[in-house]
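Engineer: My file is upload.cif. It has mmCIF, C-alpha atoms and all ligand atoms:
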```cif
data_target
#
loop_
_atom_site.label_atom_id
_atom_site.label_comp_id
_atom_site.auth_asym_id
_atom_site.auth_seq_id
_atom_site.Cartn_x
_atom_site.Cartn_y
_atom_site.Cartn_z
CA MET E 29 12.69 -14.26 9.54
CA THR E 30 16.33 -15.34 9.28
CA ALA E 31 18.97 -13.39 7.37
CA ASN E 32 18.88 -16.14 4.75
CA ASP E 33 15.13 -15.71 4.27
CA GLY E 34 15.63 -11.97 4.01
CA ARG E 35 18.18 -12.38 1.24
CA ARG E 36 15.87 -14.80 -0.57
CA VAL E 37 12.97 -12.30 -0.40
CA LEU E 38 15.26 -9.57 -1.73
CA ARG E 39 16.43 -11.81 -4.58
CA MET E 40 12.82 -12.74 -5.39
CA SER E 41 11.62 -9.16 -5.37
CA SER E 42 14.35 -8.05 -7.79
CA LEU E 43 13.49 -11.06 -9.95
CA PHE E 44 9.83 -10.00 -10.05
CA ARG E 45 10.83 -6.41 -10.77
CA SER E 46 12.85 -7.55 -13.75
CA LEU E 47 10.00 -9.77 -14.94
CA LYS E 48 7.56 -6.91 -14.94
CA VAL E 49 7.09 -5.81 -18.53
CA ARG E 50 5.12 -2.63 -18.09
CA PRO E 51 6.11 0.42 -16.08
CA SER E 52 4.52 0.52 -12.64
CA GLY E 53 2.27 3.44 -13.62
CA SER E 54 0.00 1.16 -15.66
CA ILE E 55 -0.46 -2.26 -14.22
CA PRO E 56 -2.78 -4.04 -16.58
CA GLY E 57 -1.00 -7.35 -16.39
CA ALA E 58 0.22 -7.14 -12.80
CA SER E 59 0.94 -10.76 -11.95
CA ALA E 60 0.02 -12.49 -8.72
CA GLU E 61 3.70 -12.45 -7.72
CA SER E 62 4.13 -8.71 -8.25
CA LEU E 63 0.89 -8.18 -6.32
CA LEU E 64 2.24 -10.16 -3.37
CA VAL E 65 5.48 -8.18 -3.45
CA ALA E 66 3.48 -4.92 -3.44
CA CYS E 67 1.46 -6.19 -0.47
CA ARG E 68 4.39 -6.90 1.83
CA GLY E 69 4.68 -3.40 3.29
CA PRO E 70 0.95 -2.83 3.87
CA LEU E 71 0.58 -6.38 5.29
CA LEU E 72 3.43 -5.76 7.73
CA VAL E 73 1.63 -2.65 9.02
CA VAL E 74 -1.63 -4.66 9.22
CA ALA E 75 0.12 -7.44 11.17
CA ILE E 76 1.62 -4.99 13.70
CA GLY E 77 -1.58 -2.93 14.00
CA TYR E 78 -3.88 -5.91 14.48
CA ALA E 79 -1.47 -7.72 16.84
CA LEU E 80 -1.59 -4.62 19.09
CA LEU E 81 -5.37 -4.31 18.71
CA LEU E 82 -5.96 -7.99 19.58
CA TYR E 83 -3.54 -7.80 22.51
CA VAL E 84 -5.36 -4.79 24.01
CA LEU E 85 -8.76 -6.40 23.30
CA LEU E 86 -7.88 -9.74 24.88
CA ALA E 87 -5.86 -8.34 27.80
CA GLU E 88 -9.02 -6.53 28.89
CA VAL E 89 -10.88 -9.85 29.21
CA ALA E 90 -7.99 -11.87 30.74
CA PHE E 91 -7.40 -13.57 27.34
CA ASN E 92 -10.80 -15.21 27.45
CA PRO E 93 -11.90 -15.41 23.78
CA THR E 94 -15.60 -15.35 24.72
CA GLY E 95 -15.17 -11.77 26.04
CA PRO E 96 -15.35 -9.99 22.65
CA ILE E 97 -18.56 -11.89 21.73
CA HIS E 98 -20.58 -9.72 24.19
CA ILE E 99 -22.99 -12.44 25.24
CA GLY E 100 -26.03 -11.06 27.09
CA ARG E 101 -28.13 -12.92 29.63
CA HIS E 102 -31.34 -11.71 27.92
CA PHE E 103 -31.22 -14.38 25.18
CA ASP E 104 -31.24 -17.90 26.51
CA GLY E 105 -28.03 -19.35 25.12
CA ARG E 106 -27.28 -21.39 28.29
CA ARG E 107 -26.79 -24.56 26.27
CA PHE E 108 -23.72 -22.88 24.68
CA TRP E 109 -22.23 -21.54 27.95
CA ASP E 110 -19.77 -23.18 30.33
CA GLN E 111 -17.82 -21.97 33.40
CA SER E 112 -15.38 -19.96 31.28
CA THR E 113 -18.00 -18.17 29.11
CA VAL E 114 -18.20 -14.42 29.76
CA VAL E 115 -21.92 -13.54 30.09
CA HIS E 116 -23.06 -9.96 30.71
CA PRO E 117 -26.35 -8.78 32.17
CA GLY E 118 -28.66 -7.23 29.55
CA VAL E 119 -29.12 -7.90 25.84
CA GLY E 120 -25.45 -8.16 24.76
CA TYR E 121 -24.43 -7.41 21.18
CA ASP E 122 -24.85 -9.00 17.74
CA GLY E 123 -21.68 -11.12 17.98
CA GLN E 124 -23.53 -13.50 20.31
CA PHE E 125 -25.88 -14.55 17.50
CA TYR E 126 -22.98 -15.42 15.17
CA TYR E 127 -21.38 -17.37 18.04
CA TYR E 128 -24.57 -19.38 18.61
CA LEU E 129 -24.88 -20.03 14.86
CA ALA E 130 -21.24 -21.18 14.75
CA ARG E 131 -22.01 -23.59 17.60
CA ASP E 132 -25.09 -24.92 15.76
CA PRO E 133 -24.57 -24.08 12.05
CA LEU E 134 -27.29 -26.51 10.90
CA LEU E 135 -29.63 -24.96 13.48
CA ARG E 136 -30.68 -28.35 14.79
CA ALA E 137 -32.09 -26.76 17.97
CA SER E 138 -35.88 -27.02 18.10
CA ASP E 139 -36.20 -23.53 19.62
CA PRO E 140 -33.81 -21.15 17.75
CA GLY E 141 -36.11 -18.26 18.73
CA SER E 142 -34.95 -18.58 22.35
CA PHE E 143 -31.29 -17.68 21.64
CA LEU E 144 -31.59 -15.74 18.33
CA ASP E 145 -33.46 -12.42 18.38
CA ARG E 146 -34.67 -12.81 14.75
CA PRO E 147 -33.89 -16.38 13.67
CA ALA E 148 -34.64 -16.10 9.93
CA TYR E 149 -32.86 -12.73 9.64
CA ARG E 150 -29.74 -13.91 11.52
CA TYR E 151 -29.61 -17.26 9.74
CA ALA E 152 -29.55 -15.41 6.39
CA ARG E 153 -26.04 -14.18 7.40
CA VAL E 154 -24.72 -17.70 7.71
CA LEU E 155 -21.31 -17.43 6.02
CA TYR E 156 -19.20 -15.94 8.84
CA PRO E 157 -20.41 -18.33 11.58
CA LEU E 158 -20.16 -21.24 9.15
CA LEU E 159 -16.51 -20.38 8.34
CA ALA E 160 -15.72 -20.09 12.08
CA TRP E 161 -17.32 -23.49 12.70
CA ALA E 162 -15.36 -25.05 9.82
CA ALA E 163 -12.07 -23.44 10.91
CA ALA E 164 -12.64 -24.83 14.43
CA LEU E 165 -13.39 -28.27 12.93
CA GLY E 166 -16.62 -28.14 14.90
CA GLN E 167 -14.74 -28.07 18.26
CA ALA E 168 -16.86 -25.95 20.65
CA SER E 169 -13.86 -24.68 22.65
CA ALA E 170 -12.07 -23.46 19.51
CA ILE E 171 -15.03 -21.56 18.04
CA PRO E 172 -14.57 -18.28 20.02
CA TRP E 173 -10.95 -18.17 18.80
CA MET E 174 -11.96 -18.94 15.25
CA LEU E 175 -14.54 -16.12 15.21
CA LEU E 176 -11.52 -13.83 15.67
CA GLY E 177 -9.34 -15.96 13.37
CA VAL E 178 -11.73 -15.86 10.42
CA SER E 179 -12.01 -12.06 10.72
CA LEU E 180 -8.24 -11.70 10.95
CA GLY E 181 -7.80 -13.85 7.84
CA ALA E 182 -10.44 -11.71 6.11
CA VAL E 183 -8.52 -8.51 6.99
CA VAL E 184 -5.34 -9.97 5.45
CA ILE E 185 -7.03 -11.23 2.27
CA GLY E 186 -9.12 -8.07 2.00
CA THR E 187 -5.98 -5.93 2.26
CA VAL E 188 -4.35 -7.88 -0.58
CA ALA E 189 -7.46 -7.29 -2.71
CA ALA E 190 -7.50 -3.60 -1.71
CA VAL E 191 -3.83 -3.23 -2.77
CA ASP E 192 -4.76 -4.76 -6.13
CA VAL E 193 -7.71 -2.36 -6.55
CA VAL E 194 -5.78 0.83 -5.74
CA ARG E 195 -2.88 -0.22 -7.99
CA LEU E 196 -5.27 -0.94 -10.87
CA LEU E 197 -6.58 2.60 -10.33
CA GLY E 198 -3.03 3.95 -10.48
CA ALA E 199 -2.88 4.97 -6.80
CA SER E 200 -0.44 4.20 -3.99
CA ARG E 201 -0.65 0.70 -2.51
CA TRP E 202 -0.52 2.25 0.97
CA LEU E 203 -4.09 3.50 0.42
CA ALA E 204 -5.13 -0.11 1.08
CA LEU E 205 -4.48 0.61 4.76
CA VAL E 206 -7.57 2.85 4.74
CA PHE E 207 -9.52 -0.35 4.05
CA ALA E 208 -7.68 -2.45 6.64
CA PHE E 209 -8.11 0.12 9.43
CA SER E 210 -11.57 1.39 8.46
CA PRO E 211 -14.00 1.57 11.42
CA ALA E 212 -16.30 -1.05 9.85
CA VAL E 213 -13.52 -3.64 9.54
CA MET E 214 -11.88 -2.88 12.92
CA VAL E 215 -15.12 -2.73 14.93
CA GLY E 216 -16.36 -5.84 13.12
CA LEU E 217 -13.23 -7.74 14.11
CA VAL E 218 -13.14 -6.74 17.80
CA ALA E 219 -16.86 -7.52 18.29
CA ASP E 220 -17.05 -10.78 16.25
CA LEU E 221 -19.33 -9.29 13.58
CA THR E 222 -19.74 -10.03 9.85
CA GLU E 223 -18.08 -6.90 8.39
CA PRO E 224 -14.48 -8.14 7.96
CA THR E 225 -15.67 -11.20 6.01
CA THR E 226 -18.18 -9.16 3.99
CA PHE E 227 -15.78 -6.31 3.18
CA ALA E 228 -13.00 -8.72 2.18
CA LEU E 229 -15.36 -10.45 -0.27
CA VAL E 230 -16.50 -7.07 -1.64
CA ALA E 231 -12.86 -5.98 -2.09
CA ILE E 232 -12.08 -9.24 -3.94
CA GLY E 233 -15.22 -8.74 -6.06
CA VAL E 234 -14.15 -5.18 -6.99
CA ALA E 235 -10.60 -6.34 -7.87
CA LEU E 236 -11.94 -9.16 -10.07
CA HIS E 237 -14.38 -6.72 -11.71
CA LEU E 238 -11.55 -4.33 -12.61
CA ARG E 239 -9.58 -7.25 -14.01
CA GLY E 240 -12.55 -8.14 -16.23
CA ARG E 241 -13.08 -11.46 -14.46
CA HIS E 242 -16.79 -10.89 -14.07
CA ARG E 243 -17.86 -14.47 -13.54
CA ALA E 244 -15.46 -14.95 -10.59
CA ALA E 245 -16.49 -11.53 -9.26
CA GLY E 246 -20.16 -12.52 -9.45
CA TRP E 247 -19.63 -15.71 -7.41
CA THR E 248 -17.49 -13.87 -4.83
CA LEU E 249 -20.21 -11.26 -4.40
CA ALA E 250 -22.85 -13.99 -4.00
CA LEU E 251 -20.80 -15.19 -1.01
CA ALA E 252 -20.71 -11.59 0.27
CA THR E 253 -24.53 -11.58 0.17
CA LEU E 254 -24.51 -14.75 2.30
CA ALA E 255 -22.19 -12.99 4.78
CA ARG E 256 -24.35 -9.86 5.02
CA GLU E 257 -27.37 -9.30 2.79
CA THR E 258 -26.84 -5.51 2.57
CA SER E 259 -23.82 -6.12 0.31
CA LEU E 260 -26.31 -7.25 -2.36
CA LEU E 261 -26.18 -3.62 -3.55
CA VAL E 262 -22.64 -4.21 -4.87
CA PRO E 263 -23.44 -6.94 -7.44
CA LEU E 264 -26.61 -4.97 -8.22
CA GLY E 265 -24.44 -1.94 -9.07
CA PHE E 266 -22.14 -3.99 -11.33
CA PHE E 267 -25.22 -5.60 -12.94
CA LEU E 268 -26.91 -2.26 -13.65
CA HIS E 269 -23.73 -0.68 -15.00
CA ALA E 270 -23.26 -3.61 -17.40
CA VAL E 271 -26.91 -3.41 -18.54
CA TRP E 272 -26.50 0.31 -19.12
CA ARG E 273 -23.43 -0.36 -21.30
CA ARG E 274 -25.32 -3.23 -23.04
CA GLN E 275 -22.73 -5.74 -21.83
CA TRP E 276 -25.23 -8.60 -21.50
CA ARG E 277 -22.79 -11.37 -20.68
CA GLU E 278 -21.16 -9.21 -18.01
CA SER E 279 -24.54 -8.33 -16.48
CA SER E 280 -25.59 -11.98 -16.22
CA ALA E 281 -22.28 -12.80 -14.50
CA TYR E 282 -23.44 -10.65 -11.55
CA ALA E 283 -27.12 -11.64 -11.60
CA LEU E 284 -27.03 -15.44 -11.89
CA PRO E 285 -24.86 -16.30 -8.83
CA GLN E 286 -27.34 -14.42 -6.63
CA ALA E 287 -29.58 -17.46 -7.15
CA VAL E 288 -27.52 -19.09 -4.38
CA PRO E 289 -28.45 -16.62 -1.60
CA ALA E 290 -31.99 -16.50 -3.05
CA ALA E 291 -32.25 -20.29 -2.70
CA TRP E 292 -30.87 -20.05 0.84
CA TYR E 293 -33.57 -17.48 1.76
CA LEU E 294 -36.28 -19.71 0.27
CA TRP E 295 -34.99 -22.62 2.34
CA ILE E 296 -35.11 -20.42 5.47
CA TRP E 297 -38.66 -19.48 4.48
CA ALA E 298 -39.62 -23.15 4.22
CA ARG E 299 -37.97 -23.81 7.58
CA PHE E 300 -39.26 -20.87 9.65
CA GLY E 301 -42.33 -19.88 7.66
CA VAL E 302 -40.95 -16.36 7.24
CA LEU E 303 -38.51 -14.76 4.79
CA PRO E 304 -35.37 -13.17 6.35
CA ALA E 305 -36.40 -9.73 5.04
CA ALA E 306 -39.73 -9.99 6.87
CA GLN E 307 -37.82 -10.24 10.17
CA ALA E 308 -35.45 -7.34 9.43
CA PRO E 309 -35.49 -4.60 12.08
CA PRO E 310 -37.19 -1.30 11.11
CA ASN E 311 -34.10 0.31 9.59
CA PHE E 312 -35.83 2.74 7.22
CA GLY E 313 -37.93 5.86 7.76
CA LEU E 314 -38.24 9.44 6.52
CA PRO E 315 -35.25 10.94 4.63
CA PHE E 316 -32.36 11.62 7.02
CA SER E 317 -34.60 10.82 10.00
CA GLY E 318 -31.83 8.72 11.57
CA ALA E 319 -29.08 11.33 11.08
CA ILE E 320 -31.35 14.09 12.41
CA TYR E 321 -32.28 11.91 15.38
CA ARG E 322 -28.62 11.23 16.24
CA ALA E 323 -27.67 14.91 15.85
CA GLY E 324 -30.57 15.78 18.18
CA VAL E 325 -29.41 13.27 20.79
CA LEU E 326 -25.83 14.59 20.57
CA LEU E 327 -27.00 18.19 21.04
CA GLY E 328 -29.35 17.26 23.90
CA TRP E 329 -32.42 18.36 21.90
CA GLN E 330 -33.79 14.84 21.50
CA VAL E 331 -34.53 12.38 24.32
CA PRO E 332 -32.68 9.09 23.62
CA LEU E 333 -35.43 6.60 22.79
CA LEU E 334 -33.32 3.46 22.43
CA GLY E 335 -31.53 3.46 25.79
CA GLU E 336 -28.35 4.86 24.22
CA THR E 337 -26.07 7.46 25.80
CA ALA E 338 -24.51 10.52 24.18
CA PRO E 339 -20.74 10.99 24.54
CA ALA E 340 -19.44 13.68 26.91
CA SER E 341 -18.11 15.77 24.02
CA PRO E 342 -20.63 15.51 21.14
CA PHE E 343 -18.79 17.67 18.60
CA PRO E 344 -16.39 15.17 16.97
CA GLU E 345 -19.32 12.87 16.32
CA LEU E 346 -21.51 15.76 15.12
CA VAL E 347 -18.85 16.55 12.51
CA PHE E 348 -18.95 12.91 11.37
CA VAL E 349 -22.78 12.94 11.17
CA GLY E 350 -22.68 16.16 9.13
CA LEU E 351 -19.94 14.78 6.87
CA SER E 352 -21.91 11.59 6.29
CA VAL E 353 -25.04 13.56 5.32
CA ALA E 354 -22.88 15.58 2.89
CA VAL E 355 -21.43 12.36 1.40
CA ILE E 356 -24.96 10.94 0.96
CA LEU E 357 -26.04 14.12 -0.88
CA LEU E 358 -22.88 14.04 -3.00
CA GLY E 359 -23.48 10.36 -3.79
CA LEU E 360 -27.05 11.08 -4.91
CA THR E 361 -25.95 13.83 -7.32
CA ARG E 362 -22.52 12.70 -8.54
CA LEU E 363 -24.01 10.50 -11.29
CA ILE E 364 -25.13 13.64 -13.17
CA LEU E 365 -21.54 14.31 -14.26
CA HIS E 366 -19.75 11.03 -13.60
CA ARG E 367 -20.96 7.78 -15.16
CA ASP E 368 -18.21 5.41 -13.99
CA VAL E 369 -19.16 2.21 -12.19
CA PHE E 370 -18.06 3.47 -8.78
CA SER E 371 -20.21 6.60 -9.02
CA LEU E 372 -23.16 4.28 -9.68
CA GLN E 373 -22.15 2.12 -6.69
CA LEU E 374 -21.89 5.30 -4.61
CA TRP E 375 -25.38 6.35 -5.76
CA LEU E 376 -26.85 3.00 -4.68
CA GLN E 377 -25.21 3.22 -1.25
CA ALA E 378 -26.33 6.85 -0.85
CA ALA E 379 -29.88 5.98 -1.92
CA ALA E 380 -29.99 3.17 0.66
CA MET E 381 -28.55 5.38 3.43
CA PHE E 382 -30.79 8.35 2.53
CA SER E 383 -33.72 7.15 4.62
CA THR E 384 -32.06 5.02 7.31
CA ALA E 385 -33.94 5.43 10.58
CA ALA E 386 -33.02 6.08 14.21
CA LEU E 387 -32.31 2.39 14.87
CA VAL E 388 -29.32 2.51 12.49
CA TRP E 389 -28.10 5.82 13.99
CA GLU E 390 -28.47 4.65 17.59
CA ALA E 391 -24.69 4.68 18.13
CA LEU E 392 -21.47 5.43 16.25
CA ILE E 393 -20.57 1.72 16.45
CA SER E 394 -23.77 0.95 14.49
CA TYR E 395 -23.98 3.61 11.75
CA GLY E 396 -20.17 3.76 11.45
CA ARG E 397 -20.32 0.15 10.22
CA VAL E 398 -23.42 0.61 8.05
CA LEU E 399 -21.82 3.59 6.27
CA GLY E 400 -18.67 1.57 5.49
CA LEU E 401 -19.53 0.73 1.88
CA LEU E 402 -20.69 4.32 1.21
CA TYR E 403 -17.25 5.65 2.16
CA LEU E 404 -15.50 2.80 0.32
CA PHE E 405 -17.24 3.65 -2.96
CA LEU E 406 -16.76 7.40 -2.40
CA GLY E 407 -13.01 6.72 -2.26
CA LEU E 408 -13.11 4.48 -5.35
CA ALA E 409 -15.22 7.00 -7.31
CA LEU E 410 -12.73 9.78 -6.49
CA LEU E 411 -9.79 7.53 -7.48
CA ALA E 412 -11.52 6.46 -10.71
CA ALA E 413 -12.06 10.11 -11.70
CA ARG E 414 -8.26 10.56 -11.66
CA VAL E 415 -7.71 7.79 -14.22
CA PRO E 416 -7.65 9.31 -17.76
CA PRO E 417 -8.88 7.05 -20.59
CA GLU E 418 -5.44 7.25 -22.27
CA GLY E 419 -3.64 5.81 -19.23
CA CYS E 420 -6.44 3.46 -18.15
CA SER E 421 -5.22 -0.10 -17.61
CA ILE E 422 -8.75 -1.46 -18.01
CA CYS E 423 -9.35 0.38 -21.33
CA ALA E 424 -6.00 -1.02 -22.47
CA ARG E 425 -6.91 -4.62 -21.63
CA MET E 426 -10.46 -4.58 -22.97
CA ALA E 427 -12.35 -2.68 -25.60
CA SER E 428 -12.90 0.74 -24.10
CA ALA E 429 -16.66 0.15 -24.42
CA ALA E 430 -16.22 -2.60 -21.84
CA CYS E 431 -14.23 -0.46 -19.41
CA SER E 432 -16.54 0.28 -16.52
CA LEU E 433 -14.65 3.49 -15.74
CA HIS E 434 -14.79 4.95 -19.26
CA GLY E 435 -17.12 2.74 -21.30
CA GLY E 436 -20.72 3.29 -22.28
CA ARG E 437 -22.54 6.38 -23.35
CA LEU E 438 -20.83 9.22 -21.54
CA PRO E 439 -22.29 12.67 -20.90
CA PRO E 440 -20.91 15.73 -22.74
CA ALA E 441 -19.01 16.78 -19.63
CA THR E 442 -16.65 13.87 -20.19
CA SER E 443 -14.63 15.55 -22.92
CA ARG E 444 -13.84 18.30 -20.45
CA GLN E 445 -12.86 15.72 -17.82
CA ARG E 446 -10.78 13.94 -20.39
CA SER E 447 -8.59 16.98 -21.07
CA ALA E 448 -8.41 17.70 -17.34
CA GLY E 449 -7.42 14.05 -16.82
CA SER E 450 -4.65 14.08 -19.40
CA SER E 451 -3.19 17.32 -18.07
CA LEU E 452 -3.24 15.68 -14.65
CA GLN E 453 -1.16 12.87 -16.05
CA HIS E 454 1.30 15.30 -17.61
CA ASP E 455 1.64 16.95 -14.23
CA ARG E 456 2.29 13.60 -12.62
CA SER E 457 4.88 12.45 -15.11
CA GLY E 458 6.49 15.89 -15.04
CA GLY E 459 6.68 15.84 -11.24
ZN ZN R 1 -10.91 2.84 -18.86
#
```
So that I can check it, write out the structure of this file as structure tokens.

Structural biologist:
Amino acid sequence: MTANDGRRVLRMSSLFRSLKVRPSGSIPGASAESLLVACRGPLLVVAIGYALLLYVLLAEVAFNPTGPIHIGRHFDGRRFWDQSTVVHPGVGYDGQFYYYLARDPLLRASDPGSFLDRPAYRYARVLYPLLAWAAALGQASAIPWMLLGVSLGAVVIGTVAAVDVVRLLGASRWLALVFAFSPAVMVGLVADLTEPTTFALVAIGVALHLRGRHRAAGWTLALATLARETSLLVPLGFFLHAVWRRQWRESSAYALPQAVPAAWYLWIWARFGVLPAAQAPPNFGLPFSGAIYRAGVLLGWQVPLLGETAPASPFPELVFVGLSVAVILLGLTRLILHRDVFSLQLWLQAAAMFSTAALVWEALISYGRVLGLLYLFLGLALLAARVPPEGCSICARMASAACSLHGGRLPPATSRQRSAGSSLQHDRSGG
């Protein structure tokens, strides 16, 4: 950036500050420009952090972009390999399936079962490999770079959406960095997985929801379902919360776009003779069976059944397992006192995680990603509880009945929260 550019940015930012009508505490009408100005600091940190992360990642594999894919020899993807492709002995990791799908997005191969472990299940998550293929303009040699590029773009866009969300909830824009550097997003980027794309779409969906743009939010979340089907819980949560508040038009905005992934699954069914869900791995079992299994492995009480290894010092991870179980229990019970949309989203995530099996809890890299949305909605539910109805930007923009933080039939406890909330605001303005 030249000195001239710097001056121009400064001039622009003061211009946007002067244009802003409302005080920064309530940001109901925050314009796109003021959002971009607010994002500059967090995006600079994201740029530096991810440049370092990518440098370390790629330096380890001599700057060969096929290294992070973790291709294993077990699945016969030879048709997609050349002299420069890094191929490991063993089964590899999930990134290899997205790489193969990006190389053959129409799945023209007559034998997809030879290079995909569960063809219908993997093909259901078509969005990320399809974007990488499109960004590479179909060029095979560019696809490994574009798998990283699409994820990097998703981190940037997702961070902008996260800044918007935390500002709409009256919190510091720097909290968006928790999203950008969350384990799910970081691990997903370095291993060419679907999480950065999925989480960015979920963040955009949440921002649009808070802005009352439910139709756009619904379509964005339909794309998130096509990136990773587990994110279907998010539009389901918005749908149920709207039904509960008798906001019929809002509820249909989240339900109808899901016809697109549904049609995609039916097409996969016609093609492979099996629905994607029928090929899903056995991820569910008895309540907390997965968490108990992992804790047992960490403590040496349980023989590892899935070929995994326990870390030398199990205690940091044991703390995380215990914390996650506590968050699941909190998520299951929080709805009793809190009826905001994020407490409902948290309940759905907690209900889904409640009975995840050993396969999910095989390694930190696996359950750390799966728990990503649970922790995201825990954070949003805690932030939402700090927004009093009087200072709520969403109540101010819409009828308060339509505010998904304060609308609907609220439990008696709410009047108590309301006074606690307003005293909180007095404290804030006083401090
Ligand atoms: Zn409100």

Engineer: Would you compute the distance between CA of Ser352 (chain E) and CA of Leu399 (chain E)? Give it in Å to one decimal.

Structural biologist: 8.0 Å

Engineer: With all atoms listed in the file as the atoms that count, which of E:Phe300, E:Leu433, E:Met426, E:Ala306 lies nearest to Gly240 (chain E)?

Structural biologist: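 Using all atoms listed in the file, Gly240 (chain E) sits closest to E:Met426.
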
Engineer: Please identify every polymer residue within 10 Å of ligand ZN 1 (chain R), using all atoms listed in the file, and present the set as an MDAnalysis selection string.

Structural biologist: chainID E and resid 197 238 368 412 415:435

Engineer: Using all atoms listed in the file, can you tell me which of E:Trp173, E:Tyr395, E:Phe266, E:Trp292 comes closest to Phe370 (chain E)?

Structural biologist: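 Among E:Trp173, E:Tyr395, E:Phe266, E:Trp292, it is E:Phe266 that comes nearest to Phe370 (chain E).
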
Engineer: Rank nothing, just name the residue among E:Trp276, E:Ala60, E:Arg150, E:Ala199 nearest to Gly407 (chain E), using only C-alpha atoms.

Structural biologist: E:Ala199

Engineer: Can you build me a table of region 122-205 of chain E residues sitting at most 8 Å from region 96-99 of chain E, with the closest atom pair per residue and its distance in Å to one decimal, using all atoms listed in the file, sorted by chain and residue number, as JSON lines?

Structural biologist:
```
{"residue": "E:Asp122", "atom": "CA", "partner": "E:His98", "partner_atom": "CA", "distance": 7.8}
{"residue": "E:Gly123", "atom": "CA", "partner": "E:Ile97", "partner_atom": "CA", "distance": 4.9}
{"residue": "E:Gln124", "atom": "CA", "partner": "E:Ile99", "partner_atom": "CA", "distance": 5.1}
{"residue": "E:Tyr127", "atom": "CA", "partner": "E:Ile97", "partner_atom": "CA", "distance": 7.2}
{"residue": "E:Pro172", "atom": "CA", "partner": "E:Ile97", "partner_atom": "CA", "distance": 7.7}
```

Engineer: Could you check which of E:Thr226, E:Gln111, E:Asn92, E:Gln330 is closest to Ala386 (chain E), using all atoms listed in the file?

Structural biologist: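 Between E:Thr226, E:Gln111, E:Asn92, E:Gln330, the residue approaching Ala386 (chain E) most closely is E:Gln330.
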
Engineer: Rounded to one decimal, what separation in Å do you get between CA of Thr253 (chain E) and CA of Gln286 (chain E)?

Structural biologist: 7.9 Å

Engineer: Using only C-alpha atoms, which residue out of E:Ser142, E:Ser259, E:Thr222, E:Ser169 lies closest to Gln377 (chain E)?

Structural biologist: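 Smallest distance to Gln377 (chain E) is found for E:Ser259.
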
Engineer: Please provide the set of residues having any atom within 9 Å of Thr113 (chain E), restricted to all atoms listed in the file, with same-chain residues fewer than 4 positions apart removed, written as an NGL selection string.

Structural biologist: :E and (92-95 or 99 or 108-109)

Engineer: Using all atoms listed in the file, find the one residue out of E:Ala137, E:Val114, E:Ala323, E:Val353 that sits nearest to Ala90 (chain E).

Structural biologist: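 Of E:Ala137, E:Val114, E:Ala323, E:Val353, the one nearest Ala90 (chain E), counting all atoms listed in the file, is E:Val114.
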
Engineer: Between CA of Ala250 (chain E) and CA of Pro289 (chain E), what is the spacing in Å?

Structural biologist: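 CA of Ala250 (chain E) lies at a distance of 6.6 Å from CA of Pro289 (chain E).
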